[in-house]
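K.L.:
Just so it is clear, I am handing over target_31.csv, which has CSV, C-alpha atoms.
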chain,number,residue,atom,x,y,z
A,1,MET,CA,86.4,78.1,88.4
A,2,PRO,CA,87.7,81.4,89.9
A,3,SER,CA,88.7,81.6,93.5
A,4,PRO,CA,86.1,83.2,95.8
A,5,VAL,CA,86.2,86.9,96.6
A,6,ILE,CA,85.8,87.8,100.2
A,7,ILE,CA,84.7,91.1,101.8
A,8,ASP,CA,84.7,91.0,105.6
A,9,ASP,CA,85.2,93.1,108.7
A,10,GLY,CA,86.1,92.6,112.3
A,11,GLY,CA,87.3,96.2,112.4
A,12,SER,CA,87.9,97.9,109.0
A,13,THR,CA,86.3,96.4,105.9
A,14,ARG,CA,88.6,94.2,103.9
A,15,ILE,CA,88.6,92.8,100.4
A,16,LYS,CA,90.6,89.8,99.0
A,17,GLN,CA,90.4,87.1,96.4
A,18,LEU,CA,91.6,83.8,97.8
A,19,VAL,CA,94.8,82.6,96.2
A,20,SER,CA,93.8,79.0,95.8
A,21,GLY,CA,93.2,78.5,92.1
A,22,GLY,CA,94.6,81.9,91.0
A,23,GLY,CA,93.8,84.9,93.2
A,24,LYS,CA,95.5,88.0,92.0
A,25,LYS,CA,96.4,91.6,92.9
A,26,MET,CA,93.7,94.1,92.7
A,27,ASP,CA,95.9,97.2,93.3
A,28,LYS,CA,93.6,99.5,91.4
A,29,LEU,CA,91.2,99.4,94.4
A,30,MET,CA,93.7,101.8,95.9
A,31,GLU,CA,93.7,104.3,93.1
A,32,GLY,CA,91.2,107.1,93.1
A,33,PRO,CA,88.9,108.5,92.0
A,34,ASN,CA,87.4,105.2,90.7
A,35,ASN,CA,89.0,102.7,93.2
A,36,GLU,CA,87.9,99.7,91.0
A,37,ASP,CA,89.5,96.5,89.8
A,38,GLU,CA,88.6,93.1,88.5
A,39,ALA,CA,88.8,89.7,90.2
A,40,ASP,CA,90.6,86.9,88.4
A,41,GLY,CA,88.7,84.3,86.4
A,42,ASN,CA,85.3,83.9,84.8
A,43,PHE,CA,82.3,83.7,87.1
A,44,GLY,CA,79.4,81.6,86.0
A,45,THR,CA,78.7,78.5,84.0
A,46,GLY,CA,77.4,78.4,80.4
A,47,ALA,CA,77.2,81.6,78.5
A,48,SER,CA,76.1,84.0,81.2
A,49,ALA,CA,77.9,85.6,84.1
A,50,SER,CA,76.7,84.6,87.5
A,51,CYS,CA,77.9,84.1,91.0
A,52,ASP,CA,76.5,83.0,94.4
A,53,VAL,CA,76.6,85.5,97.2
A,54,THR,CA,76.7,84.0,100.7
A,55,ILE,CA,76.7,86.0,103.9
A,56,VAL,CA,78.2,84.5,107.0
A,57,PHE,CA,77.9,86.4,110.3
A,58,ILE,CA,78.7,85.6,113.9
A,59,LYS,CA,76.2,86.5,116.5
A,60,THR,CA,77.2,88.0,119.8
A,61,ASP,CA,77.0,84.6,121.5
A,62,GLY,CA,79.5,83.1,119.0
A,63,THR,CA,77.0,81.3,116.9
A,64,PRO,CA,77.7,81.5,113.1
A,65,THR,CA,74.8,82.1,110.8
A,66,THR,CA,74.7,81.7,107.0
A,67,LEU,CA,72.4,83.7,104.7
A,68,GLY,CA,72.0,82.6,101.1
A,69,PRO,CA,73.5,81.8,98.7
A,70,PHE,CA,71.8,84.5,96.7
A,71,SER,CA,72.2,84.4,93.0
A,72,MET,CA,73.7,87.4,91.3
A,73,GLY,CA,73.1,87.6,87.5
A,74,PRO,CA,74.8,89.5,84.7
A,75,SER,CA,73.1,92.8,85.4
A,76,ASP,CA,72.8,92.5,89.1
A,77,GLU,CA,74.9,94.3,91.8
A,78,THR,CA,75.9,93.4,95.3
A,79,VAL,CA,76.4,96.4,97.6
A,80,ILE,CA,78.1,96.2,100.9
A,81,LEU,CA,77.7,99.3,103.1
A,82,SER,CA,80.0,99.8,106.1
A,83,GLN,CA,80.1,102.0,109.2
A,84,GLY,CA,81.7,105.3,108.1
A,85,ASN,CA,79.5,105.4,104.9
A,86,GLN,CA,82.0,103.5,102.8
A,87,ARG,CA,80.7,101.0,100.3
A,88,VAL,CA,82.0,98.1,98.2
A,89,LYS,CA,80.1,97.2,95.0
A,90,ALA,CA,80.5,94.1,93.0
A,91,LYS,CA,79.0,93.6,89.5
A,92,PHE,CA,79.9,92.1,86.2
A,93,ASN,CA,81.6,93.9,83.3
A,94,PRO,CA,78.8,94.1,80.6
A,95,GLY,CA,78.9,91.1,78.3
A,96,THR,CA,81.6,89.3,80.2
A,97,LYS,CA,82.0,87.0,83.1
A,98,VAL,CA,84.5,89.2,84.8
A,99,LEU,CA,83.6,90.4,88.3
A,100,LYS,CA,84.4,94.1,88.9
A,101,LEU,CA,84.9,95.5,92.4
A,102,LYS,CA,84.6,99.1,93.3
A,103,VAL,CA,85.2,100.9,96.6
A,104,ASP,CA,83.2,104.2,96.9
A,105,LYS,CA,81.4,106.3,99.5
A,106,THR,CA,77.9,107.5,100.3
A,107,GLY,CA,79.1,110.5,102.3
A,108,SER,CA,81.8,113.0,101.7
A,109,ALA,CA,84.8,111.0,102.9
A,110,ASP,CA,86.9,109.4,100.1
A,111,PRO,CA,87.9,105.8,100.9
A,112,ILE,CA,91.4,105.2,102.3
A,113,VAL,CA,92.6,101.9,101.0
A,114,GLU,CA,95.7,100.0,102.1
A,115,ALA,CA,97.2,96.8,100.7
A,116,LYS,CA,98.8,94.1,102.9
A,117,GLN,CA,100.2,90.8,102.1
A,118,VAL,CA,101.3,87.6,103.9
A,119,ASN,CA,103.1,85.1,101.8
A,120,THR,CA,101.0,84.9,98.5
A,121,GLN,CA,97.7,86.3,99.9
A,122,ARG,CA,97.1,90.0,99.4
A,123,ARG,CA,94.3,91.9,101.0
A,124,TYR,CA,92.9,95.4,100.7
A,125,ILE,CA,91.7,97.3,103.8
A,126,VAL,CA,89.4,100.3,103.6
A,127,THR,CA,90.9,101.8,106.8
A,128,ASN,CA,88.2,104.5,107.2
A,129,ALA,CA,85.4,101.9,107.0
A,130,GLY,CA,84.1,100.1,110.0
A,131,ALA,CA,81.9,97.1,110.4
A,132,ILE,CA,79.6,95.9,107.6
A,133,THR,CA,76.2,97.3,108.3
A,134,ASN,CA,74.1,96.4,105.3
A,135,VAL,CA,74.3,94.0,102.3
A,136,THR,CA,72.0,94.1,99.3
A,137,VAL,CA,72.0,91.6,96.4
A,138,ALA,CA,70.2,92.5,93.2
A,139,GLY,CA,68.5,95.3,95.0
A,140,VAL,CA,67.2,93.2,97.9
A,141,GLN,CA,68.5,93.8,101.4
A,142,GLN,CA,69.8,90.5,102.9
A,143,PHE,CA,71.8,91.8,105.9
A,144,PRO,CA,71.3,92.7,108.7
A,145,LEU,CA,68.5,90.6,110.2
A,146,THR,CA,66.2,92.7,112.3
A,147,GLY,CA,67.2,92.7,115.9
A,148,VAL,CA,70.3,90.5,115.5
A,149,ASP,CA,73.7,91.9,116.1
A,150,SER,CA,76.8,90.7,114.5
A,151,LEU,CA,80.4,90.4,115.9
A,152,TYR,CA,81.8,89.6,112.4
A,153,THR,CA,80.4,89.6,108.9
A,154,MET,CA,81.8,88.0,105.8
A,155,VAL,CA,80.4,88.3,102.2
A,156,HIS,CA,81.6,85.4,100.0
A,157,LEU,CA,81.2,85.7,96.2
A,158,ALA,CA,81.9,82.5,94.2
B,1,MET,CA,81.6,93.6,137.4
B,2,ALA,CA,80.9,90.9,134.9
B,3,ALA,CA,83.3,90.7,132.0
B,4,SER,CA,82.5,91.2,128.4
B,5,PRO,CA,83.9,88.6,126.0
B,6,VAL,CA,87.5,89.0,124.7
B,7,ILE,CA,87.8,88.3,120.9
B,8,ILE,CA,91.0,87.1,119.2
B,9,ASP,CA,90.5,86.7,115.4
B,10,ASP,CA,92.3,86.9,112.1
B,11,GLY,CA,91.4,87.2,108.4
B,12,GLY,CA,94.9,88.6,107.8
B,13,SER,CA,96.8,89.8,110.9
B,14,THR,CA,95.8,88.5,114.4
B,15,ARG,CA,93.6,91.0,116.2
B,16,ILE,CA,92.4,91.4,119.8
B,17,LYS,CA,89.6,93.3,121.4
B,18,GLN,CA,87.2,93.3,124.3
B,19,LEU,CA,83.6,93.8,123.5
B,20,GLY,CA,81.1,95.8,125.4
B,21,ALA,CA,83.4,97.8,127.6
B,22,ALA,CA,83.0,101.2,126.0
B,23,ASN,CA,86.4,102.8,125.2
B,24,LYS,CA,88.1,100.0,127.2
B,25,ASP,CA,91.7,100.1,126.3
B,26,LEU,CA,94.3,97.3,126.6
B,27,ASP,CA,97.1,99.7,125.6
B,28,ARG,CA,99.8,97.9,127.5
B,29,LEU,CA,99.6,95.3,124.8
B,30,LEU,CA,101.5,97.9,122.8
B,31,GLU,CA,104.3,98.1,125.3
B,32,SER,CA,107.0,95.6,125.9
B,33,PRO,CA,106.4,93.1,127.6
B,34,ASN,CA,103.1,93.3,125.7
B,35,ALA,CA,100.7,92.3,128.5
B,36,ASP,CA,97.4,93.8,129.9
B,37,LEU,CA,94.3,92.9,131.9
B,38,ALA,CA,90.8,92.6,130.5
B,39,ASP,CA,88.0,94.4,132.2
B,40,GLY,CA,85.7,92.6,134.6
B,41,ARG,CA,85.8,89.2,136.1
B,42,PHE,CA,85.3,85.8,134.4
B,43,PRO,CA,82.8,84.2,134.3
B,44,GLU,CA,79.8,86.6,134.4
B,45,THR,CA,78.6,84.8,137.5
B,46,PHE,CA,81.9,85.3,139.4
B,47,ALA,CA,81.4,85.9,143.1
B,48,VAL,CA,84.3,84.3,145.0
B,49,PRO,CA,87.8,83.2,144.0
B,50,GLY,CA,86.9,79.5,143.5
B,51,ASP,CA,84.5,80.6,140.7
B,52,ALA,CA,87.1,81.9,138.3
B,53,GLU,CA,86.7,80.2,135.0
B,54,CYS,CA,86.9,81.1,131.3
B,55,SER,CA,85.2,79.3,128.4
B,56,VAL,CA,86.8,79.2,125.0
B,57,THR,CA,84.6,79.3,121.9
B,58,ILE,CA,86.2,79.0,118.5
B,59,VAL,CA,84.4,79.8,115.2
B,60,LEU,CA,85.8,78.6,111.9
B,61,ILE,CA,84.7,79.8,108.4
B,62,LYS,CA,85.9,77.7,105.5
B,63,ASP,CA,86.6,78.8,101.9
B,64,ASP,CA,83.2,77.4,100.8
B,65,ALA,CA,81.5,79.8,103.3
B,66,THR,CA,80.5,77.0,105.7
B,67,ALA,CA,81.0,77.7,109.4
B,68,GLN,CA,81.6,75.7,112.5
B,69,LYS,CA,81.4,76.5,116.2
B,70,VAL,CA,83.9,74.6,118.3
B,71,THR,CA,83.5,74.3,122.1
B,72,THR,CA,85.2,71.0,122.7
B,73,TYR,CA,88.6,69.5,122.0
B,74,GLN,CA,88.7,68.0,118.5
B,75,THR,CA,91.6,65.6,119.1
B,76,GLY,CA,93.5,63.4,121.6
B,77,SER,CA,92.3,61.9,124.9
B,78,LEU,CA,90.3,65.0,125.8
B,79,SER,CA,88.3,64.9,122.5
B,80,GLY,CA,84.8,66.0,123.3
B,81,GLN,CA,85.7,67.7,126.6
B,82,PRO,CA,84.7,71.4,126.9
B,83,LEU,CA,87.2,74.1,126.3
B,84,LYS,CA,87.6,76.0,129.6
B,85,PHE,CA,90.3,76.9,132.0
B,86,GLY,CA,90.3,78.0,135.7
B,87,GLY,CA,91.9,80.6,137.9
B,88,THR,CA,95.4,79.2,138.4
B,89,ALA,CA,98.6,80.3,136.8
B,90,VAL,CA,99.1,76.8,135.3
B,91,GLU,CA,95.8,76.9,133.4
B,92,THR,CA,96.1,78.9,130.2
B,93,ALA,CA,94.7,79.2,126.7
B,94,GLU,CA,97.0,80.0,123.9
B,95,VAL,CA,96.3,81.2,120.3
B,96,LEU,CA,99.2,80.4,118.0
B,97,SER,CA,99.5,82.4,114.7
B,98,GLU,CA,101.6,82.1,111.6
B,99,LEU,CA,105.0,83.9,111.8
B,100,ASN,CA,105.7,82.6,115.3
B,101,GLN,CA,103.3,85.0,117.2
B,102,SER,CA,101.1,83.9,120.0
B,103,VAL,CA,98.6,85.2,122.5
B,104,LYS,CA,98.6,83.5,125.9
B,105,VAL,CA,95.7,84.2,128.4
B,106,TYR,CA,95.2,83.1,131.9
B,107,LEU,CA,93.0,83.9,134.8
B,108,GLY,CA,93.9,85.1,138.3
B,109,ALA,CA,92.0,83.6,141.2
B,110,ASN,CA,90.2,87.0,141.3
B,111,GLY,CA,88.6,86.2,137.9
B,112,ILE,CA,90.7,88.8,136.0
B,113,LEU,CA,92.0,87.8,132.6
B,114,GLN,CA,95.5,88.6,131.6
B,115,LEU,CA,96.7,88.6,128.0
B,116,ASP,CA,100.3,88.1,127.0
B,117,LEU,CA,101.7,88.5,123.5
B,118,ASN,CA,104.8,86.6,122.5
B,119,GLY,CA,106.9,86.3,119.4
B,120,GLY,CA,109.6,83.8,118.5
B,121,PRO,CA,113.3,84.7,119.1
B,122,GLY,CA,114.1,88.0,117.5
B,123,GLN,CA,110.4,88.4,116.5
B,124,GLU,CA,109.0,90.8,119.0
B,125,PRO,CA,105.2,91.4,118.3
B,126,VAL,CA,104.5,94.6,116.3
B,127,VAL,CA,101.2,95.9,117.7
B,128,GLU,CA,99.0,98.7,116.5
B,129,ALA,CA,95.8,100.1,118.1
B,130,ARG,CA,92.9,101.3,116.1
B,131,GLN,CA,89.5,102.5,117.2
B,132,ILE,CA,86.2,103.3,115.7
B,133,ALA,CA,83.5,104.9,117.8
B,134,LYS,CA,83.8,103.2,121.3
B,135,GLN,CA,85.4,100.0,120.1
B,136,ARG,CA,89.2,99.7,120.3
B,137,ARG,CA,91.2,96.8,118.8
B,138,TYR,CA,94.8,95.7,118.7
B,139,ILE,CA,96.4,94.3,115.6
B,140,ILE,CA,99.6,92.2,115.8
B,141,MET,CA,100.9,93.4,112.4
B,142,ASN,CA,103.6,90.7,112.1
B,143,ALA,CA,101.2,87.8,112.9
B,144,GLY,CA,99.4,85.9,110.2
B,145,LEU,CA,96.5,83.5,110.4
B,146,ILE,CA,95.6,81.6,113.6
B,147,ARG,CA,96.9,78.1,113.1
B,148,GLN,CA,96.3,76.3,116.5
B,149,VAL,CA,94.6,76.9,119.8
B,150,LYS,CA,95.7,75.2,123.0
B,151,VAL,CA,93.7,75.1,126.2
B,152,LYS,CA,95.4,74.0,129.4
B,153,GLY,CA,98.4,73.1,127.2
B,154,ASN,CA,96.5,70.7,125.0
B,155,PRO,CA,95.9,71.3,121.3
B,156,VAL,CA,92.3,71.7,120.3
B,157,PHE,CA,92.9,70.7,116.7
B,158,ALA,CA,94.8,67.6,115.4
B,159,GLY,CA,98.0,67.5,113.5
B,160,SER,CA,99.3,70.8,112.2
B,161,GLY,CA,96.2,72.6,113.6
B,162,ILE,CA,93.4,74.5,112.0
B,163,PRO,CA,92.6,73.0,108.6
B,164,ASN,CA,94.1,74.8,105.6
B,165,ASP,CA,90.6,75.4,104.0
B,166,VAL,CA,89.7,77.7,107.0
B,167,ILE,CA,89.9,81.3,105.9
B,168,TYR,CA,88.7,83.0,109.2
B,169,THR,CA,89.1,82.0,112.8
B,170,MET,CA,87.6,83.7,115.9
B,171,VAL,CA,88.5,82.8,119.4
B,172,MET,CA,86.0,84.1,122.0
B,173,LEU,CA,86.9,84.1,125.7
B,174,GLY,CA,84.0,84.5,128.0
If you took the structure in this file and wrote it as structure tokens, what would it be?
P.N.:
Amino acid sequence: MPSPVIIDDGGSTRIKQLVSGGGKKMDKLMEGPNNEDEADGNFGTGASASCDVTIVFIKTDGTPTTLGPFSMGPSDETVILSQGNQRVKAKFNPGTKVLKLKVDKTGSADPIVEAKQVNTQRRYIVTNAGAITNVTVAGVQQFPLTGVDSLYTMVHLA
Amino acid sequence: MAASPVIIDDGGSTRIKQLGAANKDLDRLLESPNADLADGRFPETFAVPGDAECSVTIVLIKDDATAQKVTTYQTGSLSGQPLKFGGTAVETAEVLSELNQSVKVYLGANGILQLDLNGGPGQEPVVEARQIAKQRRYIIMNAGLIRQVKVKGNPVFAGSGIPNDVIYTMVMLG
């Protein structure tokens, strides 16, 4: 089973694959114009690619709330939009169980991506992206909830 | 003025911000000796010096995407007691991060919260400020994940601290 991929905020939007069980570098997330790379491992059981998308956010009173898991199939896409019109997309490479991550934009500003590492855990920071404002899974908006503000938002793909 | 919560969290480096106070800066966290005062008085109902008190709420998210809100000690003789400290210099809360960095907070009798950053010997905190829109935050670049929280000198979590399967920790002071 591959290690989970995490996209979260708290300031800038960040991307990492947890190292437990074999997370890896995804340095091509820094390279324009495509800014895309693949997570380690095969996602899904049986013949088809799949993963569960779970959203955890913390309300302004400190209460954590979990949304999902939502199933993402072979031809589905998860789209995470952040303040600053930056976007992270996750989808499977066609015909494989390999999860592809792509950083792109909805406005005119190209993403600025930095890599940082502590011990064996590397993470990628979209420094011109702010808080996560919207998450859609397979074309359906799952976050935000109407009228509920978030202090922190994490999207967990496993 | 009532205080907005102060947030110390991780996910990589340890970060600090105060919510709500538009463009509120804590820029002295950048300067040695790395200490500054939060806006407002704690708690929100503060009226006279005897009222000064700060509650600590900790949120943990594990690698399986489950989350836990912690408002009481999880270990020791204080287990189950609420996480809060008052307005004397001997009552503090401390957030201890990997790489020997820590954030210590304490209240004055006037309800004003002071934050002090500390590193181990020869490991001065390296602090950056970033801002988007009206929210400024401070990042201790040479601090890793939060590993333990102490309130009034007592550890909140047993043993070596926050469990290893926790991938995100938020400490809210309010």
K.L.:
Of the candidates A:Leu151, A:Ala115, A:Val137, A:Val103, which one gets nearest to A:Val53 if we count all atoms listed in the file?
P.N.:
A:Val137
K.L.:
List as an MDAnalysis selection string the protein and nucleic acid residues near A:Met72, meaning an atom at most 12 Å away when only C-alpha atoms are counted, but skip any in the same chain fewer than 5 places from it.
P.N.:
chainID A and resid 43:44 48:54 77:79 90:92 97 99 136:140 156:158
K.L.:
Could you jot down the atom CA of A:Pro64 to atom CA of B:Ile61 separation for me, Å, one decimal place?
P.N.:
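Computing it gives 8.6 Å between the two atoms.
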K.L.:
Neighbours of stretch 105-111 of chain B within 6 Å (only C-alpha atoms; same-chain residues fewer than 3 positions away dropped), as a ChimeraX atom specification?
P.N.:
/B:41-42,49,52,87,92-93,114-115
K.L.:
Taking a cut-off of 10 Å and counting all atoms listed in the file, can you build a table that, for each residue of chain B near chain A, reports the nearest atom pair and how far apart they are in Å (one decimal), sorted by chain then residue number, as CSV?
P.N.:
residue,atom,partner,partner_atom,distance
B:Pro5,CA,A:Thr60,CA,9.1
B:Ile7,CA,A:Leu151,CA,9.2
B:Asp9,CA,A:Gly10,CA,8.0
B:Asp10,CA,A:Gly10,CA,8.4
B:Gly11,CA,A:Asp8,CA,8.2
B:Gly12,CA,A:Val118,CA,7.6
B:Ser13,CA,A:Val118,CA,8.6
B:Arg15,CA,A:Gly10,CA,8.6
B:Ile16,CA,A:Gly10,CA,9.9
B:Lys17,CA,A:Gly11,CA,9.7
B:Leu19,CA,A:Leu151,CA,8.9
B:Thr57,CA,A:Gly62,CA,7.0
B:Ile58,CA,A:Gly62,CA,7.9
B:Val59,CA,A:Gly62,CA,7.0
B:Leu60,CA,A:Pro64,CA,8.7
B:Ile61,CA,A:Val56,CA,8.1
B:Asp63,CA,A:Pro4,CA,7.5
B:Asp64,CA,A:Pro4,CA,8.2
B:Ala65,CA,A:His156,CA,6.5
B:Thr66,CA,A:Thr66,CA,7.6
B:Ala67,CA,A:Pro64,CA,6.2
B:Gln68,CA,A:Pro64,CA,7.0
B:Lys69,CA,A:Thr63,CA,6.5
B:Val70,CA,A:Gly62,CA,9.6
B:Glu98,CA,A:Val118,CA,9.5
B:Leu99,CA,A:Val118,CA,9.5
B:Arg130,CA,A:Gly11,CA,8.4
B:Gln131,CA,A:Gly11,CA,8.2
B:Ile132,CA,A:Gly130,CA,6.9
B:Ala133,CA,A:Gly130,CA,9.2
B:Gln135,CA,A:Gly11,CA,8.8
B:Arg136,CA,A:Gly11,CA,8.8
B:Arg137,CA,A:Gly11,CA,7.5
B:Tyr138,CA,A:Gly11,CA,9.8
B:Ile139,CA,A:Gly11,CA,9.8
B:Met141,CA,A:Lys116,CA,9.8
B:Asn142,CA,A:Val118,CA,9.1
B:Ala143,CA,A:Val118,CA,9.0
B:Gly144,CA,A:Val118,CA,6.8
B:Leu145,CA,A:Val118,CA,9.1
B:Asp165,CA,A:Ser20,CA,9.5
B:Ile167,CA,A:Leu18,CA,8.6
B:Tyr168,CA,A:Met154,CA,9.2
B:Met170,CA,A:Gly62,CA,8.7
B:Val171,CA,A:Gly62,CA,9.0
B:Met172,CA,A:Gly62,CA,7.2
B:Gly174,CA,A:Asp61,CA,9.6
K.L.:
Quick one, how far is atom CA of B:Glu124 from atom CA of B:Glu91?
P.N.:
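Separation between atom CA of B:Glu124 and atom CA of B:Glu91: 24.0 Å.
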K.L.:
Give me, please, the distance in Å between atom CA of A:Gly107 and atom CA of A:Met30, quoted to one decimal.
P.N.:
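Value for the atom CA of A:Gly107-atom CA of A:Met30 distance: 18.2 Å.
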K.L.:
Write out as a count of residues only each polymer residue whose atoms come within 6 Å of B:Val56, counting only C-alpha atoms; drop sequence neighbours fewer than 4 positions from it.
P.N.:
4
